[in-house]
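A.B. asks: For reference, the file target-v3.pdb (PDB, C-alpha atoms, pLDDT in the B column) is included below:
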ATOM      1  CA  MET A  28      98.258  38.427 195.460  1.00 55.00           C
ATOM      2  CA  ILE A  29      99.045  34.950 194.065  1.00 68.00           C
ATOM      3  CA  PRO A  30     102.647  35.397 192.877  1.00 65.00           C
ATOM      4  CA  ASP A  31     103.746  31.761 193.069  1.00 76.00           C
ATOM      5  CA  ARG A  32     101.322  30.899 190.247  1.00 86.00           C
ATOM      6  CA  ILE A  33     102.509  33.516 187.740  1.00 95.00           C
ATOM      7  CA  ILE A  34     104.828  31.256 185.739  1.00 97.00           C
ATOM      8  CA  GLU A  35     103.287  28.091 184.287  1.00 96.00           C
ATOM      9  CA  GLN A  36     105.741  25.284 185.068  1.00 95.00           C
ATOM     10  CA  GLY A  37     107.091  23.487 181.999  1.00 95.00           C
ATOM     11  CA  THR A  38     106.231  26.167 179.422  1.00 97.00           C
ATOM     12  CA  LEU A  39     109.656  27.644 178.630  1.00 97.00           C
ATOM     13  CA  GLN A  40     110.241  27.760 174.875  1.00 96.00           C
ATOM     14  CA  ALA A  41     113.288  29.013 172.967  1.00 95.00           C
ATOM     15  CA  ARG A  42     113.321  29.534 169.207  1.00 92.00           C
ATOM     16  CA  ASP A  43     115.165  31.834 166.814  1.00 91.00           C
ATOM     17  CA  GLY A  44     116.797  33.925 169.557  1.00 93.00           C
ATOM     18  CA  ARG A  45     113.543  34.459 171.460  1.00 96.00           C
ATOM     19  CA  ALA A  46     112.402  32.890 174.696  1.00 97.00           C
ATOM     20  CA  ALA A  47     108.797  32.605 175.826  1.00 97.00           C
ATOM     21  CA  VAL A  48     106.944  31.429 178.900  1.00 98.00           C
ATOM     22  CA  GLU A  49     103.271  31.164 179.785  1.00 97.00           C
ATOM     23  CA  VAL A  50     102.076  33.329 182.661  1.00 97.00           C
ATOM     24  CA  ARG A  51      98.921  33.455 184.746  1.00 96.00           C
ATOM     25  CA  LEU A  52      97.172  36.418 186.279  1.00 95.00           C
ATOM     26  CA  PRO A  53      98.142  36.837 189.960  1.00 92.00           C
ATOM     27  CA  TRP A  54      94.781  38.373 190.751  1.00 90.00           C
ATOM     28  CA  TYR A  55      91.328  36.945 191.378  1.00 90.00           C
ATOM     29  CA  ARG A  56      89.404  38.988 188.790  1.00 93.00           C
ATOM     30  CA  ALA A  57      89.882  39.591 185.075  1.00 95.00           C
ATOM     31  CA  LEU A  58      91.733  42.703 183.929  1.00 96.00           C
ATOM     32  CA  PRO A  59      91.677  44.529 180.590  1.00 96.00           C
ATOM     33  CA  ALA A  60      94.924  44.671 178.616  1.00 96.00           C
ATOM     34  CA  SER A  61      95.242  48.364 179.498  1.00 96.00           C
ATOM     35  CA  CYS A  62      95.853  47.375 183.127  1.00 96.00           C
ATOM     36  CA  ILE A  63      98.909  45.262 182.275  1.00 96.00           C
ATOM     37  CA  SER A  64     101.403  48.081 182.516  1.00 94.00           C
ATOM     38  CA  GLY A  65     104.618  46.137 182.103  1.00 95.00           C
ATOM     39  CA  ALA A  66     106.662  43.002 182.594  1.00 97.00           C
ATOM     40  CA  LYS A  67     110.216  41.714 182.665  1.00 98.00           C
ATOM     41  CA  LEU A  68     111.504  38.342 181.530  1.00 98.00           C
ATOM     42  CA  THR A  69     114.810  37.151 182.954  1.00 98.00           C
ATOM     43  CA  ILE A  70     116.430  33.798 182.249  1.00 97.00           C
ATOM     44  CA  ASP A  71     119.562  32.647 184.050  1.00 96.00           C
ATOM     45  CA  GLY A  72     120.126  36.206 185.282  1.00 96.00           C
ATOM     46  CA  VAL A  73     119.915  37.809 181.818  1.00 96.00           C
ATOM     47  CA  GLU A  74     116.990  40.178 181.261  1.00 97.00           C
ATOM     48  CA  ALA A  75     115.326  40.429 177.856  1.00 98.00           C
ATOM     49  CA  PRO A  76     115.593  43.951 176.389  1.00 98.00           C
ATOM     50  CA  ALA A  77     112.430  45.891 177.218  1.00 97.00           C
ATOM     51  CA  ASP A  78     111.838  46.873 173.589  1.00 97.00           C
ATOM     52  CA  SER A  79     111.852  43.204 172.542  1.00 98.00           C
ATOM     53  CA  LEU A  80     109.104  42.108 174.945  1.00 98.00           C
ATOM     54  CA  ARG A  81     105.828  40.898 173.489  1.00 98.00           C
ATOM     55  CA  TRP A  82     102.616  39.893 175.229  1.00 98.00           C
ATOM     56  CA  GLN A  83     100.265  37.391 173.628  1.00 97.00           C
ATOM     57  CA  MET A  84      96.745  37.097 174.992  1.00 96.00           C
ATOM     58  CA  ASN A  85      93.620  35.682 173.354  1.00 93.00           C
ATOM     59  CA  GLY A  86      95.678  34.971 170.227  1.00 93.00           C
ATOM     60  CA  VAL A  87      96.768  38.617 169.845  1.00 95.00           C
ATOM     61  CA  GLU A  88     100.435  39.600 170.200  1.00 96.00           C
ATOM     62  CA  SER A  89     101.134  43.150 171.393  1.00 96.00           C
ATOM     63  CA  THR A  90     103.742  45.411 172.903  1.00 96.00           C
ATOM     64  CA  PHE A  91     102.974  47.010 176.255  1.00 96.00           C
ATOM     65  CA  ALA A  92     102.649  50.365 174.493  1.00 95.00           C
ATOM     66  CA  ASP A  93      99.988  48.844 172.210  1.00 94.00           C
ATOM     67  CA  MET A  94      98.016  47.615 175.220  1.00 96.00           C
ATOM     68  CA  LYS A  95      98.008  50.949 177.038  1.00 94.00           C
ATOM     69  CA  GLY A  96      94.545  51.930 175.777  1.00 92.00           C
ATOM     70  CA  ASP A  97      93.216  48.449 174.957  1.00 94.00           C
ATOM     71  CA  THR A  98      90.037  47.722 176.891  1.00 94.00           C
ATOM     72  CA  ASP A  99      88.725  45.170 174.362  1.00 94.00           C
ATOM     73  CA  GLN A 100      91.176  42.373 175.283  1.00 95.00           C
ATOM     74  CA  TRP A 101      90.781  40.831 178.749  1.00 96.00           C
ATOM     75  CA  TRP A 102      93.081  38.582 180.779  1.00 96.00           C
ATOM     76  CA  PHE A 103      91.098  36.088 182.820  1.00 95.00           C
ATOM     77  CA  PRO A 104      92.461  34.232 185.883  1.00 93.00           C
ATOM     78  CA  THR A 105      91.859  30.878 184.161  1.00 93.00           C
ATOM     79  CA  ASP A 106      93.770  31.837 180.984  1.00 95.00           C
ATOM     80  CA  SER A 107      97.486  31.864 180.303  1.00 96.00           C
ATOM     81  CA  ALA A 108      99.178  34.663 178.424  1.00 97.00           C
ATOM     82  CA  VAL A 109     102.590  34.339 176.746  1.00 98.00           C
ATOM     83  CA  LEU A 110     105.457  36.683 177.611  1.00 98.00           C
ATOM     84  CA  SER A 111     108.362  36.582 175.153  1.00 98.00           C
ATOM     85  CA  GLY A 112     111.554  38.487 174.534  1.00 98.00           C
ATOM     86  CA  GLU A 113     114.885  38.384 172.743  1.00 97.00           C
ATOM     87  CA  LEU A 114     116.969  35.970 174.784  1.00 96.00           C
ATOM     88  CA  ALA A 115     119.244  33.232 173.513  1.00 90.00           C
ATOM     89  CA  VAL A 116     118.569  30.149 175.629  1.00 92.00           C
ATOM     90  CA  ASP A 117     120.164  26.773 174.982  1.00 85.00           C
ATOM     91  CA  GLY A 118     118.039  23.664 175.103  1.00 78.00           C
ATOM     92  CA  GLY A 119     120.089  21.734 177.637  1.00 82.00           C
ATOM     93  CA  GLY A 120     119.489  21.551 181.380  1.00 89.00           C
ATOM     94  CA  GLU A 121     117.396  23.624 183.722  1.00 95.00           C
ATOM     95  CA  HIS A 122     117.106  27.378 183.506  1.00 96.00           C
ATOM     96  CA  GLU A 123     116.064  29.883 186.136  1.00 97.00           C
ATOM     97  CA  VAL A 124     113.090  31.830 184.763  1.00 97.00           C
ATOM     98  CA  ARG A 125     111.881  35.016 186.446  1.00 98.00           C
ATOM     99  CA  VAL A 126     108.848  37.067 185.498  1.00 98.00           C
ATOM    100  CA  ASP A 127     108.029  40.466 186.985  1.00 97.00           C
ATOM    101  CA  LEU A 128     104.551  41.873 186.355  1.00 97.00           C
ATOM    102  CA  GLU A 129     103.160  45.362 186.905  1.00 96.00           C
ATOM    103  CA  LEU A 130      99.383  45.643 187.009  1.00 96.00           C
ATOM    104  CA  TYR A 131      96.805  48.298 187.721  1.00 94.00           C
ATOM    105  CA  ILE A 132      93.623  47.272 189.532  1.00 94.00           C
ATOM    106  CA  PRO A 133      91.083  49.748 188.134  1.00 91.00           C
ATOM    107  CA  TYR A 134      88.276  49.120 190.612  1.00 90.00           C
ATOM    108  CA  ILE A 135      90.352  49.690 193.767  1.00 92.00           C
ATOM    109  CA  ILE A 136      90.715  53.449 194.120  1.00 92.00           C
ATOM    110  CA  ILE A 137      93.420  54.563 196.548  1.00 92.00           C
ATOM    111  CA  ALA A 138      93.291  58.332 195.936  1.00 92.00           C
ATOM    112  CA  ASP A 139      91.199  60.808 193.969  1.00 89.00           C
ATOM    113  CA  ASP A 140      93.240  60.168 190.831  1.00 89.00           C
ATOM    114  CA  GLN A 141      94.929  56.811 191.552  1.00 92.00           C
ATOM    115  CA  VAL A 142      94.043  53.148 191.420  1.00 92.00           C
ATOM    116  CA  LEU A 143      95.910  50.289 193.073  1.00 92.00           C
ATOM    117  CA  HIS A 144      99.213  49.416 191.378  1.00 93.00           C
ATOM    118  CA  ILE A 145     100.732  46.020 192.172  1.00 93.00           C
ATOM    119  CA  GLU A 146     104.071  44.487 191.284  1.00 94.00           C
ATOM    120  CA  GLU A 147     104.364  40.708 191.512  1.00 95.00           C
ATOM    121  CA  HIS A 148     107.287  38.368 190.841  1.00 96.00           C
ATOM    122  CA  ASP A 149     107.772  34.645 190.356  1.00 96.00           C
ATOM    123  CA  THR A 150     110.829  32.480 189.741  1.00 97.00           C
ATOM    124  CA  LYS A 151     110.834  28.860 188.621  1.00 97.00           C
ATOM    125  CA  ASN A 152     113.429  26.427 187.342  1.00 97.00           C
ATOM    126  CA  MET A 153     112.574  24.514 184.172  1.00 96.00           C
ATOM    127  CA  GLU A 154     113.924  23.000 180.991  1.00 95.00           C
ATOM    128  CA  VAL A 155     113.146  24.217 177.491  1.00 95.00           C
ATOM    129  CA  VAL A 156     110.232  22.281 175.999  1.00 92.00           C
ATOM    130  CA  ALA A 157     110.383  21.072 172.417  1.00 70.00           C
TER     131      ALA A 157
END
If you took the structure in this file and wrote it as structure tokens, what would it be?
C.D. replies:
Amino acid sequence: MIPDRIIEQGTLQARDGRAAVEVRLPWYRALPASCISGAKLTIDGVEAPADSLRWQMNGVESTFADMKGDTDQWWFPTDSAVLSGELAVDGGGEHEVRVDLELYIPYIIIADDQVLHIEEHDTKNMEVVA
């Protein structure tokens, strides 16, 4: 819905073989962690391995499997989350950062046993911040 705001400009970090970027919710209402079904982090055309991805929200770091049943943690449109993964990124120059998000919208029912599923993407160029 608001894909061009997913990646927070100027938030790319790289440390100890991991890269991280802050992301914003591309939806107008808060969602529980259980509705964040997946993400991808790609830098300069190289995708972080899926099993290395971590999601940090409200100070809690989780895997997407951990969040599957988590209805206690909520992602609000005004809050940034941190998506990180195993990617070696050098500190020099600009890097192309792409984030793909998969979300379920639990209050929009599209069939007897289905809710709305959205996939949003954003790409930004930025340097690694110290």
A.B. asks: Between CA of Arg81 (chain A) and CA of Asp97 (chain A), measure the distance and give it in Å to one decimal.
C.D. replies: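 Distance between the two atoms: 14.8 Å.
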A.B. asks: Between A:Gly44, A:Pro133, A:Gly65, A:Pro104, which is the closest to Ala77 (chain A) once you count all atoms listed in the file?
C.D. replies: A:Gly65
A.B. asks: How would you write, as JSON, numbers by chain, the residues chosen by the PyMOL selection byres ((chain A and resi 90) around 10) on this structure?
C.D. replies: {"A": [65, 77, 78, 79, 80, 81, 82, 83, 88, 89, 91, 92, 93, 94, 95]}
A.B. asks: Skip Ile132 (chain A) itself and residues of its chain fewer than 3 positions away, then list as a PyMOL selection string all residues within 7 Å of it, counting all atoms listed in the file.
C.D. replies: chain A and resi 62+135+142-144
A.B. asks: Pick the closest to Arg56 (chain A) from A:Phe103, A:Asp140, A:Gly72, A:Asp127: which is it, counting only C-alpha atoms?
C.D. replies: A:Phe103
A.B. asks: Given the PyMOL selection byres ((chain A and resi 112) around 8) and the file above, list the residues it selects as a list in words.
C.D. replies: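 Residues picked by the PyMOL selection byres ((chain A and resi 112) around 8): Arg45, Ala46, Ala47, Leu68, Ala75, Pro76, Ala77, Ser79, Leu80, Arg81, Leu110, Ser111, Glu113 and Leu114 of chain A.
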A.B. asks: For C-alpha atoms, I'd like the residues from the last selection saved as a PDB file, in the coordinates of the input.
C.D. replies:
ATOM      1  CA  ARG A  45     113.543  34.459 171.460  1.00 96.00           C
ATOM      2  CA  ALA A  46     112.402  32.890 174.696  1.00 97.00           C
ATOM      3  CA  ALA A  47     108.797  32.605 175.826  1.00 97.00           C
ATOM      4  CA  LEU A  68     111.504  38.342 181.530  1.00 98.00           C
ATOM      5  CA  ALA A  75     115.326  40.429 177.856  1.00 98.00           C
ATOM      6  CA  PRO A  76     115.593  43.951 176.389  1.00 98.00           C
ATOM      7  CA  ALA A  77     112.430  45.891 177.218  1.00 97.00           C
ATOM      8  CA  SER A  79     111.852  43.204 172.542  1.00 98.00           C
ATOM      9  CA  LEU A  80     109.104  42.108 174.945  1.00 98.00           C
ATOM     10  CA  ARG A  81     105.828  40.898 173.489  1.00 98.00           C
ATOM     11  CA  LEU A 110     105.457  36.683 177.611  1.00 98.00           C
ATOM     12  CA  SER A 111     108.362  36.582 175.153  1.00 98.00           C
ATOM     13  CA  GLU A 113     114.885  38.384 172.743  1.00 97.00           C
ATOM     14  CA  LEU A 114     116.969  35.970 174.784  1.00 96.00           C
TER      15      LEU A 114
END
A.B. asks: Which residue, A:His122, A:Leu128, A:Thr150, A:Lys67, has the smallest gap to Leu39 (chain A) when you use all atoms listed in the file?
C.D. replies: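 Going through A:His122, A:Leu128, A:Thr150, A:Lys67 one by one, the smallest distance to Leu39 (chain A) is for A:His122.
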A.B. asks: Check which residues satisfy the PyMOL selection byres ((chain A and resi 119) around 12) in the file shown, then give them as a PyMOL selection string.
C.D. replies: chain A and resi 40-41+116-118+120-122+153-157
A.B. asks: Quick one, how far is CA of Ile63 (chain A) from CA of Leu130 (chain A)?
C.D. replies: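 CA of Leu130 (chain A) lies at a distance of 4.8 Å from CA of Ile63 (chain A).
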A.B. asks: Could you work out an axis-aligned box for region 74-79 of chain A, taking every atom the file lists and adding 3 Å on each side, and report centre and edge lengths in Å to one decimal, as lines of an AutoDock Vina configuration file?
C.D. replies:
center_x = 114.4
center_y = 43.5
center_z = 176.9
size_x = 11.2
size_y = 12.7
size_z = 14.7
A.B. asks: Kindly give the distance, in Å, that separates CA of Thr38 (chain A) and CA of Glu123 (chain A), rounded to a single decimal.
C.D. replies: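 About the pair CA of Thr38 (chain A) and CA of Glu123 (chain A): they are 12.5 Å apart.
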A.B. asks: For the point (94.6, 41.6, 193.3) in the file's frame, write as an MDAnalysis selection string all residues with an atom no more than 7 Å away, counting only C-alpha atoms.
C.D. replies: chainID A and resid 28 53:55 132
A.B. asks: Which residue out of A:Ser61, A:Asn152, A:Gln141, A:Thr98 has the minimum interatomic distance to Val126 (chain A) when all atoms listed in the file are used?
C.D. replies: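 Of A:Ser61, A:Asn152, A:Gln141, A:Thr98, the one nearest Val126 (chain A), counting all atoms listed in the file, is A:Asn152.
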A.B. asks: Which residue out of A:Glu49, A:Glu129, A:Glu35, A:Asp71 has the minimum interatomic distance to Ile145 (chain A) when only C-alpha atoms are used?
C.D. replies: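 Between A:Glu49, A:Glu129, A:Glu35, A:Asp71, the residue approaching Ile145 (chain A) most closely is A:Glu129.
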A.B. asks: Which polymer residues have any atom within 7 Å of an atom of Ile34 (chain A), counting all atoms listed in the file, with same-chain residues fewer than 2 positions away left out, as a list of chain:residue names?
C.D. replies: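 Here the answer would be A:Arg32, A:Gln36, A:Glu49, A:Val50, A:Arg51, A:Asp149.
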A.B. asks: Output C-alpha atoms of each residue in that selection to a file, as a PDB file, in the coordinates of the input.
C.D. replies:
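What follows is the written file result-v9.pdb:
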ATOM      1  CA  ARG A  32     101.322  30.899 190.247  1.00 86.00           C
ATOM      2  CA  GLN A  36     105.741  25.284 185.068  1.00 95.00           C
ATOM      3  CA  GLU A  49     103.271  31.164 179.785  1.00 97.00           C
ATOM      4  CA  VAL A  50     102.076  33.329 182.661  1.00 97.00           C
ATOM      5  CA  ARG A  51      98.921  33.455 184.746  1.00 96.00           C
ATOM      6  CA  ASP A 149     107.772  34.645 190.356  1.00 96.00           C
TER       7      ASP A 149
END
